[in-house]
file target25.cif (mmCIF, C-alpha atoms)
data_structure
#
loop_
_atom_site.label_atom_id
_atom_site.label_comp_id
_atom_site.auth_asym_id
_atom_site.auth_seq_id
_atom_site.Cartn_x
_atom_site.Cartn_y
_atom_site.Cartn_z
CA MET A 1 -0.01 35.19 -37.16
CA ASN A 2 1.91 38.43 -36.62
CA ASP A 3 4.92 38.87 -34.32
CA SER A 4 3.16 40.96 -31.71
CA GLU A 5 0.41 38.35 -31.30
CA HIS A 6 2.98 35.59 -30.92
CA THR A 7 5.01 37.65 -28.43
CA GLN A 8 1.91 38.24 -26.34
CA TRP A 9 1.17 34.52 -26.07
CA SER A 10 4.80 33.59 -25.78
CA GLU A 11 4.95 35.47 -22.48
CA ASP A 12 2.49 32.92 -21.10
CA LEU A 13 4.44 29.87 -22.25
CA ALA A 14 6.55 29.32 -19.13
CA ALA A 15 3.55 29.87 -16.85
CA TYR A 16 1.57 27.39 -18.96
CA MET A 17 4.31 24.78 -18.69
CA LEU A 18 4.50 25.26 -14.92
CA GLY A 19 0.73 24.85 -14.65
CA ALA A 20 0.40 28.44 -13.47
CA LEU A 21 -2.14 29.84 -15.91
CA GLU A 22 -5.72 30.30 -14.76
CA PRO A 23 -8.13 27.73 -16.28
CA GLY A 24 -9.58 30.22 -18.78
CA GLU A 25 -6.11 31.36 -19.80
CA THR A 26 -5.01 27.75 -20.29
CA ALA A 27 -7.80 27.07 -22.76
CA GLY A 28 -6.96 30.24 -24.69
CA PHE A 29 -3.26 29.43 -24.77
CA GLU A 30 -3.91 25.90 -25.98
CA ARG A 31 -6.06 27.23 -28.84
CA HIS A 32 -3.19 29.50 -29.81
CA LEU A 33 -0.66 26.70 -29.42
CA ASP A 34 -2.53 24.50 -31.87
CA GLY A 35 -1.83 26.94 -34.68
CA CYS A 36 1.53 28.43 -33.66
CA GLU A 37 4.60 26.50 -34.74
CA ARG A 38 6.94 28.91 -32.94
CA CYS A 39 5.22 28.34 -29.62
CA GLN A 40 5.21 24.58 -30.26
CA ALA A 41 8.94 24.69 -30.91
CA GLU A 42 9.55 26.76 -27.75
CA LEU A 43 7.43 24.36 -25.74
CA ARG A 44 9.49 21.40 -26.97
CA TRP A 45 12.67 23.30 -26.09
CA PHE A 46 11.50 24.07 -22.54
CA GLU A 47 10.09 20.60 -21.85
CA PRO A 48 13.32 19.05 -20.51
CA ALA A 49 13.71 21.91 -18.02
CA VAL A 50 10.23 21.35 -16.61
CA GLN A 51 10.57 17.57 -16.64
CA THR A 52 13.68 17.74 -14.49
CA LEU A 53 12.01 19.79 -11.75
CA PRO A 54 10.58 16.71 -9.96
CA GLU A 55 13.99 15.07 -10.26
CA SER A 56 15.57 17.97 -8.42
CA ILE A 57 13.91 17.44 -5.09
CA GLU A 58 15.03 15.75 -1.91
CA ARG A 59 14.33 12.02 -2.15
CA GLN A 60 12.07 10.37 0.39
CA LYS A 61 11.85 6.65 1.05
CA PRO A 62 8.30 5.49 0.37
CA PRO A 63 6.74 3.42 3.15
CA ARG A 64 6.55 -0.32 2.47
CA SER A 65 2.81 -0.18 2.98
CA LEU A 66 2.48 1.94 -0.17
CA ARG A 67 3.82 -0.81 -2.42
CA GLU A 68 1.95 -3.51 -0.54
CA ASN A 69 -1.39 -1.70 -0.66
CA LEU A 70 -0.93 -0.83 -4.32
CA MET A 71 -0.24 -4.41 -5.33
CA VAL A 72 -3.17 -5.72 -3.32
CA GLU A 73 -5.44 -3.27 -5.11
CA VAL A 74 -3.92 -3.99 -8.50
CA ARG A 75 -4.15 -7.76 -8.15
CA ALA A 76 -7.75 -7.46 -7.02
CA ASP A 77 -8.41 -5.46 -10.18
CA VAL A 78 -7.01 -8.03 -12.60
CA PRO A 79 -9.63 -9.67 -14.78
CA PRO A 80 -9.98 -13.32 -13.70
CA ALA A 81 -8.65 -14.67 -17.00
CA LYS A 82 -5.31 -12.82 -16.45
CA ARG A 83 -4.67 -13.94 -12.90
CA PRO A 84 -1.72 -16.28 -12.52
CA ARG A 85 -3.80 -18.86 -10.74
CA PRO A 86 -7.37 -19.09 -12.00
CA ARG A 87 -9.81 -18.36 -9.24
CA TRP A 88 -13.52 -18.65 -9.21
CA SER A 89 -16.06 -16.04 -8.27
CA TRP A 90 -15.62 -15.52 -4.56
CA ARG A 91 -18.47 -14.70 -2.26
CA PRO A 92 -16.81 -15.26 1.08
CA ALA A 93 -19.40 -16.64 3.45
CA MET A 94 -21.42 -18.67 0.99
CA ALA A 95 -18.40 -19.91 -0.91
CA PHE A 96 -16.75 -20.92 2.33
CA ALA A 97 -19.68 -23.06 3.39
CA VAL A 98 -19.95 -24.76 0.02
CA MET A 99 -16.23 -25.35 -0.20
CA VAL A 100 -15.99 -26.77 3.28
CA LEU A 101 -18.67 -29.31 2.52
CA ALA A 102 -17.08 -30.29 -0.77
CA VAL A 103 -13.53 -30.57 0.52
CA ALA A 104 -14.43 -32.20 3.78
CA ALA A 105 -16.12 -34.96 1.81
CA VAL A 106 -12.89 -35.90 0.01
CA ALA A 107 -10.09 -34.93 2.39
CA GLY A 108 -9.20 -37.91 4.45
CA TYR A 109 -7.71 -37.49 7.85
CA GLU A 110 -5.89 -39.55 10.39
CA ILE A 111 -6.35 -39.35 14.10
CA GLY A 112 -3.78 -40.28 16.65
CA LYS A 113 -3.04 -39.78 20.30
CA GLY A 114 -0.09 -38.03 21.82
CA GLY A 115 0.65 -36.16 18.61
CA GLY A 116 4.25 -35.07 18.24
CA GLY A 117 5.14 -36.52 21.61
CA GLU A 118 3.06 -33.89 23.38
CA GLU A 119 1.43 -35.34 26.43
CA GLY A 120 -2.35 -35.18 26.42
CA ALA A 121 -2.46 -34.05 22.80
CA SER A 122 -4.42 -35.54 19.93
CA THR A 123 -3.47 -35.11 16.33
CA VAL A 124 -5.45 -34.84 13.12
CA ILE A 125 -3.61 -35.01 9.83
CA SER A 126 -5.08 -34.11 6.46
CA ARG A 127 -3.49 -33.91 3.03
CA SER A 128 -4.74 -31.85 0.15
CA ASP A 129 -3.08 -30.42 -2.99
CA GLY A 130 0.42 -31.25 -1.81
CA ILE A 131 -0.06 -29.57 1.56
CA THR A 132 -0.09 -31.61 4.72
CA VAL A 133 -2.14 -30.17 7.54
CA LYS A 134 -1.61 -31.28 11.09
CA MET A 135 -3.78 -30.14 13.94
CA VAL A 136 -2.39 -30.87 17.37
CA ARG A 137 -5.09 -30.32 19.96
CA LYS A 138 -4.27 -29.84 23.58
CA GLY A 139 -6.73 -28.64 26.16
CA ASP A 140 -9.10 -26.05 24.71
CA GLY A 141 -6.70 -24.93 21.99
CA GLY A 142 -4.71 -26.32 19.16
CA THR A 143 -1.73 -25.80 16.91
CA LEU A 144 -2.24 -25.87 13.18
CA ARG A 145 0.87 -26.96 11.31
CA LEU A 146 1.21 -26.94 7.54
CA THR A 147 3.99 -28.38 5.40
CA GLY A 148 4.47 -28.07 1.65
CA VAL A 149 3.19 -24.51 1.45
CA ASP A 150 4.30 -22.37 -1.51
CA GLN A 151 6.17 -19.14 -0.78
CA LEU A 152 3.89 -16.12 -0.58
CA PRO A 153 4.16 -12.79 -2.41
CA PRO A 154 5.55 -10.15 0.00
CA GLU A 155 2.19 -8.47 0.43
CA LYS A 156 0.42 -11.68 1.51
CA VAL A 157 0.10 -13.59 4.78
CA LEU A 158 -1.67 -16.78 5.79
CA GLU A 159 -4.79 -16.47 7.88
CA ALA A 160 -6.59 -19.36 9.52
CA TRP A 161 -10.36 -19.55 9.93
CA VAL A 162 -12.53 -21.74 12.10
CA GLN A 163 -16.14 -22.69 11.57
CA ARG A 164 -18.14 -23.02 14.74
CA GLU A 165 -21.89 -23.70 14.69
CA GLY A 166 -22.03 -22.63 11.07
CA LYS A 167 -20.28 -19.33 11.72
CA VAL A 168 -16.88 -18.50 10.22
CA GLU A 169 -14.39 -16.72 12.52
CA PRO A 170 -10.87 -15.45 11.81
CA VAL A 171 -7.97 -16.73 13.92
CA PRO A 172 -6.11 -13.63 15.17
CA ALA A 173 -2.54 -14.89 14.75
CA LEU A 174 -1.42 -14.39 11.12
CA PHE A 175 1.47 -16.45 9.85
CA VAL A 176 3.79 -17.09 6.89
CA PRO A 177 5.66 -20.16 5.64
CA ASP A 178 9.38 -20.52 6.32
CA ARG A 179 11.91 -21.37 3.60
CA GLU A 180 11.05 -25.03 3.90
CA GLY A 181 7.37 -24.37 3.30
CA ARG A 182 6.39 -24.96 6.92
CA ALA A 183 3.91 -22.71 8.65
CA SER A 184 2.05 -22.88 11.93
CA THR A 185 -0.37 -20.88 14.00
CA GLN A 186 -2.10 -21.20 17.34
CA ILE A 187 -5.83 -21.49 17.72
CA GLU A 188 -6.71 -20.56 21.29
CA ASP A 189 -10.24 -21.89 21.39
CA MET A 190 -11.14 -25.05 19.51
CA SER A 191 -14.37 -25.74 21.34
CA GLY A 192 -17.20 -26.43 18.93
CA VAL A 193 -14.95 -26.01 15.88
CA ASP A 194 -15.87 -28.44 13.12
CA THR A 195 -13.73 -27.07 10.29
CA VAL A 196 -10.46 -25.20 9.96
CA MET A 197 -9.21 -23.60 6.79
CA VAL A 198 -6.36 -21.35 5.70
CA THR A 199 -6.39 -18.62 3.06
CA GLU A 200 -3.92 -16.13 1.63
CA GLU A 201 -4.82 -12.63 2.75
CA PRO A 202 -3.34 -9.12 2.45
CA GLN A 203 -0.86 -8.00 5.11
CA GLY A 204 -2.77 -7.27 8.30
CA GLY A 205 -5.30 -10.00 7.61
CA SER A 206 -8.98 -9.79 6.70
CA GLN A 207 -12.24 -9.94 8.56
CA GLU A 208 -13.61 -12.49 6.14
CA PRO A 209 -11.87 -14.70 3.56
CA THR A 210 -11.03 -12.89 0.35
CA SER A 211 -9.53 -15.83 -1.53
CA PRO A 212 -10.20 -19.55 -1.84
CA PRO A 213 -8.68 -21.70 0.90
CA ILE A 214 -5.33 -23.36 0.27
CA VAL A 215 -6.32 -26.04 2.80
CA THR A 216 -9.51 -27.08 4.50
CA MET A 217 -9.69 -29.59 7.32
CA SER A 218 -12.63 -31.21 9.00
CA VAL A 219 -12.13 -31.51 12.73
CA PRO A 220 -13.76 -34.56 14.32
CA GLN A 221 -15.62 -33.78 17.53
CA MET B 1 4.02 0.28 -20.33
CA PRO B 2 1.98 -1.59 -22.94
CA LEU B 3 1.90 -4.50 -20.49
CA VAL B 4 0.51 -2.24 -17.77
CA GLY B 5 -2.11 -1.12 -20.28
CA ARG B 6 -2.98 -4.80 -20.69
CA LYS B 7 -3.38 -5.17 -16.92
CA ASP B 8 -0.23 -7.11 -16.15
CA PRO B 9 0.43 -6.82 -12.37
CA GLU B 10 4.08 -7.83 -12.75
CA ALA B 11 4.67 -5.02 -15.27
CA PHE B 12 2.96 -2.63 -12.90
CA GLU B 13 5.22 -3.79 -10.09
CA VAL B 14 8.26 -2.96 -12.24
CA LEU B 15 6.76 0.44 -13.04
CA TYR B 16 6.37 1.14 -9.33
CA ASP B 17 9.88 -0.08 -8.49
CA ARG B 18 11.37 2.21 -11.11
CA HIS B 19 9.36 5.34 -10.43
CA GLY B 20 7.69 4.92 -7.04
CA GLY B 21 10.52 6.63 -5.18
CA VAL B 22 10.49 9.84 -7.18
CA ALA B 23 6.69 9.83 -7.36
CA TYR B 24 6.38 9.59 -3.58
CA SER B 25 9.10 12.21 -3.13
CA LEU B 26 7.28 14.60 -5.45
CA ALA B 27 4.00 14.03 -3.64
CA TYR B 28 5.70 14.58 -0.30
CA ARG B 29 7.39 17.74 -1.57
CA ILE B 30 4.02 19.13 -2.57
CA VAL B 31 1.69 18.01 0.21
CA GLY B 32 4.24 18.19 3.03
CA ASN B 33 3.33 15.12 5.10
CA ARG B 34 3.91 11.40 4.74
CA ALA B 35 0.37 10.10 5.16
CA ALA B 36 -0.99 12.46 2.53
CA ALA B 37 1.95 11.75 0.22
CA GLU B 38 1.25 8.03 0.48
CA GLU B 39 -2.43 8.57 -0.28
CA VAL B 40 -1.69 10.82 -3.25
CA THR B 41 0.94 8.45 -4.69
CA GLN B 42 -1.34 5.46 -4.33
CA GLU B 43 -4.20 7.29 -6.05
CA ALA B 44 -1.90 8.36 -8.85
CA PHE B 45 -0.53 4.87 -9.49
CA ILE B 46 -4.00 3.34 -9.39
CA SER B 47 -5.13 5.98 -11.84
CA VAL B 48 -2.22 5.04 -14.11
CA TRP B 49 -3.04 1.33 -13.70
CA ARG B 50 -6.62 1.94 -14.75
CA SER B 51 -5.79 4.31 -17.61
CA GLY B 52 -2.47 2.83 -18.78
CA ALA B 53 -3.85 2.23 -22.23
CA ARG B 54 -4.19 6.00 -22.67
CA PHE B 55 -0.45 6.60 -22.36
CA ASP B 56 0.94 8.02 -25.59
CA ALA B 57 4.68 7.35 -25.95
CA ALA B 58 4.90 9.98 -28.68
CA ARG B 59 4.12 12.69 -26.12
CA GLY B 60 6.87 11.90 -23.65
CA SER B 61 8.29 9.29 -21.30
CA VAL B 62 6.30 7.13 -18.91
CA ARG B 63 8.12 8.81 -16.04
CA SER B 64 7.08 12.31 -17.15
CA TRP B 65 3.51 11.20 -17.63
CA LEU B 66 3.40 9.47 -14.27
CA LEU B 67 4.94 12.44 -12.47
CA SER B 68 2.48 14.82 -14.07
CA VAL B 69 -0.33 12.60 -12.75
CA VAL B 70 1.24 12.64 -9.28
CA ARG B 71 1.69 16.42 -9.38
CA ASN B 72 -1.90 17.02 -10.48
CA ARG B 73 -3.22 14.75 -7.72
CA ALA B 74 -1.02 16.40 -5.12
CA ILE B 75 -2.04 19.92 -6.19
CA ASP B 76 -5.70 18.86 -6.11
CA PHE B 77 -5.11 17.52 -2.61
CA LEU B 78 -3.52 20.82 -1.54
CA ARG B 79 -6.37 22.82 -3.01
CA SER B 80 -8.91 20.63 -1.26
CA LYS B 81 -7.15 21.48 1.99
CA ALA B 82 -7.34 25.17 1.10
CA GLY B 83 -4.54 27.38 2.21
CA LYS B 84 -2.04 24.67 2.99
CA ALA B 85 1.22 25.66 1.33
CA PRO B 86 4.22 23.37 0.97
CA LYS B 87 7.59 24.14 2.45
CA LEU B 88 9.87 25.82 -0.03
CA ASP B 89 13.40 24.87 0.91
CA PHE B 90 15.86 22.98 -1.29
CA ASP B 91 18.53 22.69 1.33
CA ASP B 92 17.82 19.38 3.04
CA ASP B 93 19.73 16.59 1.31
CA SER B 94 19.71 14.22 4.30
CA ALA B 95 17.31 11.71 2.77
CA LEU B 96 19.03 11.47 -0.60
CA GLU B 97 20.67 8.14 0.13
CA GLN B 98 17.66 6.51 1.78
CA ARG B 99 16.37 4.87 -1.35
CA PRO B 100 15.39 1.24 -1.86
CA ALA B 101 18.09 -1.02 -3.24
CA ALA B 102 15.88 -1.92 -6.17
CA GLU B 103 16.20 1.63 -7.45
CA ARG B 104 19.99 1.68 -7.41
CA THR B 105 20.33 0.84 -11.06
CA GLU B 106 22.70 2.34 -13.56
CA GLU B 107 19.82 4.31 -15.03
CA GLU B 108 18.96 5.59 -11.58
CA ALA B 109 22.57 6.57 -10.92
CA LEU B 110 22.57 8.59 -14.11
CA ARG B 111 19.27 10.17 -13.15
CA ARG B 112 20.62 11.07 -9.74
CA GLU B 113 23.60 12.68 -11.35
CA THR B 114 21.30 14.69 -13.56
CA ALA B 115 19.14 15.55 -10.55
CA GLY B 116 22.25 16.82 -8.83
CA GLU B 117 22.90 19.14 -11.73
CA ILE B 118 19.36 20.41 -11.64
CA ARG B 119 19.50 21.05 -7.93
CA GLY B 120 22.60 23.01 -8.76
CA ALA B 121 20.88 24.81 -11.62
CA LEU B 122 17.95 25.71 -9.40
CA GLY B 123 20.34 26.73 -6.67
CA ARG B 124 22.22 28.95 -9.10
CA LEU B 125 19.07 30.70 -10.23
CA PRO B 126 18.51 34.10 -8.72
CA GLY B 127 16.16 33.64 -5.74
CA GLU B 128 13.47 35.70 -7.40
CA GLN B 129 13.34 33.22 -10.30
CA SER B 130 13.56 30.00 -8.30
CA LYS B 131 10.87 31.24 -5.93
CA VAL B 132 8.25 31.79 -8.65
CA ILE B 133 9.07 28.41 -10.22
CA GLU B 134 8.76 26.63 -6.88
CA LEU B 135 5.50 28.38 -6.00
CA ALA B 136 4.04 27.41 -9.36
CA TYR B 137 5.34 23.86 -9.81
CA PHE B 138 5.46 22.60 -6.24
CA GLY B 139 2.95 24.95 -4.68
CA GLY B 140 0.30 24.80 -7.38
CA PHE B 141 -0.19 28.56 -7.32
CA SER B 142 -1.28 30.41 -10.44
CA HIS B 143 0.76 33.34 -11.72
CA SER B 144 -1.86 35.79 -10.41
CA GLU B 145 -1.76 34.17 -6.95
CA ILE B 146 2.03 34.35 -6.97
CA ALA B 147 1.85 38.00 -7.99
CA GLU B 148 -0.38 38.63 -5.01
CA ILE B 149 1.81 36.64 -2.60
CA LEU B 150 4.99 38.39 -3.70
CA SER B 151 3.35 41.78 -4.35
CA LEU B 152 4.59 41.83 -7.92
CA PRO B 153 2.98 42.69 -11.26
CA MET B 154 1.76 39.58 -13.09
CA GLY B 155 3.99 40.35 -16.05
CA THR B 156 7.02 40.29 -13.76
CA VAL B 157 6.04 36.89 -12.39
CA LYS B 158 5.64 35.42 -15.88
CA GLY B 159 8.92 36.98 -16.95
CA ARG B 160 10.80 35.48 -14.00
CA MET B 161 9.29 32.06 -14.71
CA ARG B 162 10.49 32.25 -18.27
CA LEU B 163 13.95 33.49 -17.37
CA GLY B 164 14.33 30.75 -14.77
CA LEU B 165 13.31 27.98 -17.17
CA GLU B 166 15.58 29.44 -19.85
CA LYS B 167 18.55 29.25 -17.50
CA ILE B 168 17.80 25.67 -16.43
CA ARG B 169 17.33 24.68 -20.05
CA GLY B 170 20.54 26.44 -21.01
CA GLU B 171 22.51 24.55 -18.35
CA LEU B 172 20.98 21.27 -19.51
CA ALA B 173 21.97 22.03 -23.08
CA GLU B 174 25.53 22.83 -22.00
CA GLY B 175 25.67 19.58 -20.04
CA LEU B 176 24.55 17.60 -23.05
CA ALA B 177 26.92 19.36 -25.47
#
call {"tool": "encode", "arguments": {"input": "target25.cif", "output": "structure tokens"}}
result
Amino acid sequence: MNDSEHTQWSEDLAAYMLGALEPGETAGFERHLDGCERCQAELRWFEPAVQTLPESIERQKPPRSLRENLMVEVRADVPPAKRPRPRWSWRPAMAFAVMVLAVAAVAGYEIGKGGGGEEGASTVISRSDGITVKMVRKGDGGTLRLTGVDQLPPEKVLEAWVQREGKVEPVPALFVPDREGRASTQIEDMSGVDTVMVTEEPQGGSQEPTSPPIVTMSVPQ
Amino acid sequence: MPLVGRKDPEAFEVLYDRHGGVAYSLAYRIVGNRAAAEEVTQEAFISVWRSGARFDAARGSVRSWLLSVVRNRAIDFLRSKAGKAPKLDFDDDSALEQRPAAERTEEEALRRETAGEIRGALGRLPGEQSKVIELAYFGGFSHSEIAEILSLPMGTVKGRMRLGLEKIRGELAEGLA
């Protein structure tokens, strides 16, 4: 390659490194670059200057939602074998129904009156996988109280679900465990509810369960 | 990075904590609004998550690779919104200290110091050189578009780009000497 040919291409080097060549010019330059050691050496010399351009700008604080949304998407993308806690194939509505039947068959519960000293309240207690679930019913509503809950990743919340006449409904109030592993939420309308469960969901909650329940409780009518 | 290539969410989380701030800042610098910057940064990181195995350490650092992905995504976003140009000032330093605590590592402090030098180097460039570099790198304009915008011959634009990069590189070399 003669000097004049190199000089001609060399003029394009900075524009190439700044991404400022037209697409056709880029392809031509790259063909030249493959065979030109001088251009390759110049490119290596200039690289640090270009790489520091993004470091030179005013820093902005990314919104928390960016990290949270990213990690939700990433965790959902992990092959099942690599997830920290093995989880089975999850088809929300069907899986919910099957799981409720299975768990309800083995999860014992206790029923008492005047739960927690609250007048006119009845209490149902269930224990499963180290978590104690207490449902204090009063009037049409109820309070679901959990103890022994593991701490959640920052991008997760607890969401309660009720099953009423075979239909699964989300409970609007999302909640998280405190440092002692206690968590509670209000369920405004318990009429006709035969099962309550709780799942881990992304911040903001979900319209249908996206993970297996950490607790499931049958509610006697 | 090999762990990200093997789909390790914890490794990816570390990658984000180390580089998410500058990636988002770059996206914001290019697209000019927070919602779009968030969208662009998220797309870029997900792209890296899904193609992590293609990262070649011999061709540069993870940070450079990641930032090139962010820049390409942001420029694509700008082009899809045809005609939307980014702001071109380097004067607003008010948000410099608003970074997450997790990023305040020794490495980050060193990087900030270096970034300070580069801001200085860019600031010390003649305006005609810094302008063509900004239009190309942060604006995504080709040299012929820049020539048209600034009413200059294309050869002049390419020459100013080269001179500007030579000066920045020269200052870096002096700093490292």
call {"tool": "interface_residues", "arguments": {"input": "target25.cif", "of": "chain A", "to": "chain B", "cutoff": "10 Å", "atoms": "all atoms listed in the file", "output": "ChimeraX atom specification"}}
result
/A:10-23,45-67,69-79,82-84
call {"tool": "resolve_selection", "arguments": {"input": "target25.cif", "expression": "the PyMOL selection byres ((chain A and resi 184) around 7)", "output": "list in words"}}
result
Thr143, Leu144, Arg145, Leu146, Phe175, Arg182, Ala183 and Thr185 of chain A
call {"tool": "atom_distance", "arguments": {"input": "target25.cif", "atom1": "atom CA of A:Val162", "atom2": "atom CA of A:Arg179"}}
result
25.9 Å
call {"tool": "atom_distance", "arguments": {"input": "target25.cif", "atom1": "atom CA of A:Val168", "atom2": "atom CA of A:Ile187"}}
result
13.7 Å
call {"tool": "atom_distance", "arguments": {"input": "target25.cif", "atom1": "atom CA of A:Ala27", "atom2": "atom CA of B:Arg73"}}
result
20.0 Å
call {"tool": "closest_residue", "arguments": {"input": "target25.cif", "among": "A:Ala41, A:Val171, A:Met217, A:Val149", "to": "A:Gln186", "atoms": "all atoms listed in the file"}}
result
A:Val171
call {"tool": "closest_residue", "arguments": {"input": "target25.cif", "among": "A:Pro153, A:Gly35, A:Pro220, A:Gly24", "to": "A:Val193", "atoms": "only C-alpha atoms"}}
result
A:Pro220
